[in-house]
Structure formats: structure tokens, C-alpha cells
Amino acid sequence: MSNADSSTKKFASQADLEAKKTSFIKLSDNAYAYTAEGDPNSGVIIGDDSVMVIDTTATPLMAKDLIRNIRSVTDKPIKYVVLSHYHAVRVLGASAYFDEGAQQVIASRGTYEMIVERGAQDMQSEIERFPRLFSGVESVPGLTWPTMVFEKEMTIFMGKLEVRLTHIGMGHTKGDTIAWIPSQKICFSGDLVEYEAAAYTGDAQLEEWPATLEALRAMQAEKLVPGRGPALLTPAQVNQGLDYTKDFVTTLLQSAKESVAAGMTLKQAMAHTRKVMDPKFGHVFIYEHCLPFDVTRAVDEAQGIKHPRIWTAARDQEMWHGLQAG
Ligand SMILES: [Zn+2]
């Protein structure tokens, strides 16, 4: 279907209904990646006495598939749920883990603030944008609230296994959190890093994002699970993922700055951005879905709007319509 068809207000993603195959990949005796061919990934850390899940999946129904995979390798209670950031598609499955023993939902201060400020609007907007990603949405009991909030970093000892949760900087959102196993140099990055999938930047801090990626690179991860795309299993692959994400966000912001300097309308800015982004990224997963939101946010940021405007279901439609109109 053509996205330029102005007779319909449907988003590109509303016609995207093909289910993805999930994989549960062993990274070490303590770490697993749950990946989904470009749909949101989750991570699993198995300590001596308990299990941590990083990003819950979108609904309790969908979380059951991840729990099934966890139960194929361990009977330990799933004690910790970590939110890499506040987006609905990553956090609304949380209640499924309470039945498995989860006691703590952990998030950064920035993530907590975003849930307070815009969690409800984000939930409605995300569900309407991308219905396929919310299979069993009626099983969602409401927003997911953290039970523990940390300022910059917290360390959890899962028995002898040390896990660090760190807000290393802003990027995909202002609260981005990574999970890190120092003894094994394994990182779960959330949407701060993507690979072979578009970076959604509708709520991003594009100016800060590259420096945050460099802070992550300095940690010299040997394996990294990105927010979307395949698990990166060697230092060279990790660097490729960091380079890919950096290229995506810097190219996007640069063309937005050029568009603003030239006084372009949003629709003209979109066309200008496509000229440089399409050849490099046009083929990757969810590119067509992300680009209108990405360009809108990039133009806002280029105009000096530091704190992303809140997306609502109504604003989604208005933006989409504006980009289709002349
Ligand atoms: Zn996200």
C-alpha cells in the first residue's frame, strides 16, 4: 500500500500485520537475548538466585512467550523487571512477571518522569499507531509504574553476579537505561542502539544521542542486545551497531537543520531528508513507520525545542495528514 495515498489516514504500520518469529539466544550462562526480526527485543539475566528481565514486551499475553523461553532454561523466580525507557511497547507486559515472582520494577529518574508526564498519552498513541505490536492488548491492566527509581546508576548483586543499571546519557529518550554485566562485558542497550531497523526518534534528544553512543562505545562491550534487530555477538558487530545508529541520528538531525535554515515546510523537510536517508536506510525495518515522526521531532529540535512535544493519538493523525497534504 502507498503511504502517499491521501484518501486514507492510516499509518504505514497499521497495515503491517505479519507476525515476526522470535528467537531466544544464549549470550553466556547468565545472559539471553529475546529478539524478534526487527520488532522490540528484550533481555534476560539469570543470577544465582533470581532472574532479571530487561523490557517486558508490549502486553502480558506477549510476555508469556518470553516467560516460556525463560522457563526452558531456569526455574528461578523472575525477581526484577527493568525498563530501558518508558515506551508502551516495552513496558506494558510487566504484570505478567508479577505472577512469576517479580517484586521490583526498576527505572531511571528520567523514565519515571516521562511516565508521569506522558505515559497515558504515549500508551494510547502507540497502540493506535502499531496494532500488531500489541497482541492481546486487552490483557494490559494499565500503565507500568516503577517500584524503584535510580538517579544515575544502581548496582544489583544477583547472588555473586553483578549487574549495573546505568543512565549513561540521553538519546532515544531522556531516561535511557542500559543493563551491563561487567564481568562478561555484555550490554542490553534498549533503543539507544538499533541495528538493521530504523531508530524511532519521536521522543529523542538527537543532539545528545551521538555522545551517549560514544560513552557506550568506551565501555567496550563484547556483546550487545540492541532495542531492535539481531543480537550483536562480537566487538566488531557492537561497533557496527553503534556506527549504524550514530549515522542514522546524525544524518537525520543534519537534514532537519538544513531544512529549518532554508525555511522549509514540514513536508519539504521530509522530502529533503528522504534524499539522504532513503539511499542509506530506506530498506531497513520500520523505516516508513518511523520517518514522519522522526523528521517532525528532528525539525522541532533544530528549531530549539529541547523537550519533545507529547504525542497524542490526535497529534499523530494531524502530523500524518500534514505530511500527506500539499
Ligand atoms: Zn522506544
# chains A, B, ... in the order shown; residues from 1 in each chain; ligands from 1
>>> select_by_dssp(residues="stretch 74-323 of chain A", states="alpha helix (DSSP H)", output="ChimeraX atom specification")
/A:88-91,95-98,109-129,209-217,235-261,266-281,287-302,313-323
>>> write_last_selection(atoms="C-alpha atoms", output="mmCIF file, in the first residue's frame")
data_model
loop_
_atom_site.group_PDB
_atom_site.id
_atom_site.type_symbol
_atom_site.label_atom_id
_atom_site.label_comp_id
_atom_site.auth_asym_id
_atom_site.auth_seq_id
_atom_site.Cartn_x
_atom_site.Cartn_y
_atom_site.Cartn_z
ATOM 1 C CA ALA A 88 4.485 1.426 25.914
ATOM 2 C CA VAL A 89 5.694 -1.271 23.536
ATOM 3 C CA ARG A 90 8.463 -2.147 26.022
ATOM 4 C CA VAL A 91 6.757 -1.766 29.383
ATOM 5 C CA SER A 95 2.164 -7.528 35.022
ATOM 6 C CA ALA A 96 2.867 -10.994 33.566
ATOM 7 C CA TYR A 97 6.064 -11.161 35.624
ATOM 8 C CA PHE A 98 4.320 -10.457 38.919
ATOM 9 C CA ARG A 109 14.506 9.108 37.184
ATOM 10 C CA GLY A 110 14.154 10.352 33.591
ATOM 11 C CA THR A 111 11.998 7.376 32.652
ATOM 12 C CA TYR A 112 9.821 7.818 35.730
ATOM 13 C CA GLU A 113 9.310 11.494 34.878
ATOM 14 C CA MET A 114 8.290 10.617 31.322
ATOM 15 C CA ILE A 115 5.715 8.092 32.574
ATOM 16 C CA VAL A 116 4.250 10.729 34.912
ATOM 17 C CA GLU A 117 4.229 13.400 32.227
ATOM 18 C CA ARG A 118 3.077 11.451 29.158
ATOM 19 C CA GLY A 119 2.696 7.751 29.893
ATOM 20 C CA ALA A 120 -1.052 7.730 29.321
ATOM 21 C CA GLN A 121 -0.909 9.633 26.014
ATOM 22 C CA ASP A 122 2.002 7.501 24.839
ATOM 23 C CA MET A 123 0.102 4.306 25.598
ATOM 24 C CA GLN A 124 -2.917 5.354 23.554
ATOM 25 C CA SER A 125 -0.817 6.739 20.718
ATOM 26 C CA GLU A 126 1.457 3.684 20.419
ATOM 27 C CA ILE A 127 -1.421 1.199 20.468
ATOM 28 C CA GLU A 128 -3.228 3.075 17.689
ATOM 29 C CA ARG A 129 -0.085 3.504 15.612
ATOM 30 C CA TRP A 209 22.494 10.948 21.257
ATOM 31 C CA PRO A 210 25.894 10.607 19.467
ATOM 32 C CA ALA A 211 27.869 11.460 22.630
ATOM 33 C CA THR A 212 25.857 8.881 24.572
ATOM 34 C CA LEU A 213 26.714 6.283 21.928
ATOM 35 C CA GLU A 214 30.395 7.163 22.342
ATOM 36 C CA ALA A 215 30.101 6.742 26.120
ATOM 37 C CA LEU A 216 28.665 3.302 25.427
ATOM 38 C CA ARG A 217 31.436 2.503 22.953
ATOM 39 C CA PRO A 235 33.123 -6.432 19.481
ATOM 40 C CA ALA A 236 33.205 -5.697 15.730
ATOM 41 C CA GLN A 237 29.446 -6.196 15.462
ATOM 42 C CA VAL A 238 28.892 -3.993 18.530
ATOM 43 C CA ASN A 239 30.887 -1.215 16.865
ATOM 44 C CA GLN A 240 28.885 -1.687 13.676
ATOM 45 C CA GLY A 241 25.647 -1.248 15.636
ATOM 46 C CA LEU A 242 26.968 1.910 17.309
ATOM 47 C CA ASP A 243 28.155 3.324 13.962
ATOM 48 C CA TYR A 244 24.848 2.476 12.289
ATOM 49 C CA THR A 245 22.783 4.214 14.971
ATOM 50 C CA LYS A 246 25.085 7.238 15.051
ATOM 51 C CA ASP A 247 24.869 7.589 11.269
ATOM 52 C CA PHE A 248 21.070 7.367 11.385
ATOM 53 C CA VAL A 249 20.568 10.036 14.056
ATOM 54 C CA THR A 250 23.268 12.459 12.843
ATOM 55 C CA THR A 251 22.097 12.286 9.210
ATOM 56 C CA LEU A 252 18.514 12.899 10.353
ATOM 57 C CA LEU A 253 19.347 15.892 12.550
ATOM 58 C CA GLN A 254 21.690 17.407 9.955
ATOM 59 C CA SER A 255 18.999 17.389 7.253
ATOM 60 C CA ALA A 256 16.489 18.849 9.710
ATOM 61 C CA LYS A 257 18.911 21.682 10.468
ATOM 62 C CA GLU A 258 19.321 22.346 6.739
ATOM 63 C CA SER A 259 15.544 22.301 6.274
ATOM 64 C CA VAL A 260 14.993 24.794 9.091
ATOM 65 C CA ALA A 261 17.776 27.068 7.813
ATOM 66 C CA LEU A 266 7.436 20.023 7.277
ATOM 67 C CA LYS A 267 6.534 18.321 4.019
ATOM 68 C CA GLN A 268 9.530 19.892 2.264
ATOM 69 C CA ALA A 269 11.757 18.890 5.180
ATOM 70 C CA MET A 270 10.512 15.323 4.794
ATOM 71 C CA ALA A 271 11.431 15.311 1.083
ATOM 72 C CA HIS A 272 14.825 16.873 1.823
ATOM 73 C CA THR A 273 15.523 14.244 4.497
ATOM 74 C CA ARG A 274 14.467 11.385 2.249
ATOM 75 C CA LYS A 275 17.126 12.395 -0.276
ATOM 76 C CA VAL A 276 19.894 11.473 2.143
ATOM 77 C CA MET A 277 18.163 8.915 4.371
ATOM 78 C CA ASP A 278 16.364 6.728 1.792
ATOM 79 C CA PRO A 279 19.519 5.532 -0.022
ATOM 80 C CA LYS A 280 21.153 4.520 3.272
ATOM 81 C CA PHE A 281 18.200 3.384 5.376
ATOM 82 C CA TYR A 287 11.728 2.899 8.281
ATOM 83 C CA GLU A 288 8.491 4.080 6.656
ATOM 84 C CA HIS A 289 6.721 3.919 10.004
ATOM 85 C CA CYS A 290 9.364 5.962 11.836
ATOM 86 C CA LEU A 291 10.346 8.594 9.297
ATOM 87 C CA PRO A 292 7.381 11.014 9.629
ATOM 88 C CA PHE A 293 7.694 11.017 13.439
ATOM 89 C CA ASP A 294 11.487 11.227 13.187
ATOM 90 C CA VAL A 295 11.507 14.191 10.817
ATOM 91 C CA THR A 296 8.867 16.006 12.887
ATOM 92 C CA ARG A 297 10.932 15.657 16.067
ATOM 93 C CA ALA A 298 14.222 16.484 14.285
ATOM 94 C CA VAL A 299 12.733 19.689 12.853
ATOM 95 C CA ASP A 300 11.414 20.615 16.329
ATOM 96 C CA GLU A 301 14.834 20.064 17.837
ATOM 97 C CA ALA A 302 16.536 22.019 15.032
ATOM 98 C CA ALA A 313 -3.423 9.934 19.111
ATOM 99 C CA ALA A 314 -4.856 13.201 17.717
ATOM 100 C CA ARG A 315 -1.431 14.747 17.094
ATOM 101 C CA ASP A 316 -0.295 11.546 15.342
ATOM 102 C CA GLN A 317 -3.168 11.910 12.870
ATOM 103 C CA GLU A 318 -2.601 15.624 12.401
ATOM 104 C CA MET A 319 1.100 15.122 11.654
ATOM 105 C CA TRP A 320 0.454 12.243 9.280
ATOM 106 C CA HIS A 321 -2.181 14.264 7.444
ATOM 107 C CA GLY A 322 0.115 17.295 7.252
ATOM 108 C CA LEU A 323 2.789 15.243 5.564
#
>>> residues_near_ligand(ligand="ligand 1", cutoff="9 Å", atoms="only C-alpha atoms and all ligand atoms", output="MDAnalysis selection string")
chainID A and resid 40 84:90 172:173 190:192 199:203 227
>>> write_last_selection(atoms="N, CA and C atoms", output="tab-separated table (two decimals), in the first residue's frame")
chain	number	residue	atom	x	y	z
A	40	PRO	N	10.46	-5.11	18.81
A	40	PRO	CA	11.22	-4.82	20.04
A	40	PRO	C	11.82	-6.07	20.70
A	84	SER	N	14.07	-0.13	30.06
A	84	SER	CA	15.16	0.62	29.41
A	84	SER	C	14.71	2.07	29.13
A	85	HIS	N	13.41	2.26	28.94
A	85	HIS	CA	12.82	3.59	28.81
A	85	HIS	C	11.31	3.42	28.92
A	86	TYR	N	10.55	4.50	28.70
A	86	TYR	CA	9.14	4.47	29.09
A	86	TYR	C	8.18	3.98	28.02
A	87	HIS	N	8.62	3.75	26.78
A	87	HIS	CA	7.68	3.47	25.69
A	87	HIS	C	6.79	2.25	25.95
A	88	ALA	N	5.51	2.43	25.63
A	88	ALA	CA	4.48	1.43	25.91
A	88	ALA	C	4.84	0.04	25.39
A	89	VAL	N	5.42	0.00	24.19
A	89	VAL	CA	5.69	-1.27	23.54
A	89	VAL	C	6.73	-2.09	24.31
A	90	ARG	N	7.43	-1.46	25.23
A	90	ARG	CA	8.46	-2.15	26.02
A	90	ARG	C	8.04	-2.42	27.46
A	172	HIS	N	17.64	8.09	22.72
A	172	HIS	CA	16.29	7.70	22.27
A	172	HIS	C	15.22	8.39	23.12
A	173	THR	N	15.47	8.53	24.42
A	173	THR	CA	14.64	9.34	25.32
A	173	THR	C	15.56	9.98	26.35
A	190	GLY	N	18.59	-1.30	25.10
A	190	GLY	CA	17.30	-0.70	24.74
A	190	GLY	C	17.44	0.00	23.39
A	191	ASP	N	16.57	0.95	23.12
A	191	ASP	CA	16.55	1.61	21.81
A	191	ASP	C	17.65	2.65	21.61
A	192	LEU	N	18.53	2.78	22.57
A	192	LEU	CA	19.70	3.65	22.39
A	192	LEU	C	20.52	3.18	21.18
A	199	ALA	N	15.76	3.83	13.68
A	199	ALA	CA	15.70	4.38	15.03
A	199	ALA	C	14.45	5.26	15.09
A	200	TYR	N	13.55	4.97	16.02
A	200	TYR	CA	12.42	5.87	16.25
A	200	TYR	C	12.93	7.03	17.10
A	201	THR	N	12.75	8.25	16.60
A	201	THR	CA	13.31	9.41	17.32
A	201	THR	C	12.23	10.42	17.71
A	202	GLY	N	10.98	9.99	17.74
A	202	GLY	CA	9.87	10.90	18.05
A	202	GLY	C	9.95	11.55	19.42
A	203	ASP	N	10.67	10.91	20.35
A	203	ASP	CA	10.81	11.46	21.71
A	203	ASP	C	12.29	11.63	22.07
A	227	GLY	N	17.91	-2.48	20.80
A	227	GLY	CA	16.47	-2.40	21.00
A	227	GLY	C	15.69	-3.14	19.93
>>> select_by_dssp(residues="stretch 87-171 of chain A", states="strand (DSSP E)", output="PyMOL selection string")
chain A and resi 104-108+148-150+153-158+161-166
>>> closest_residue(among="A:Ala204, A:Ala197, A:Ala33, A:Val149", to="A:Gly169", atoms="only C-alpha atoms")
A:Ala204
>>> atom_distance(atom1="atom CA of A:Glu153", atom2="atom CA of A:Val81")
15.6 Å
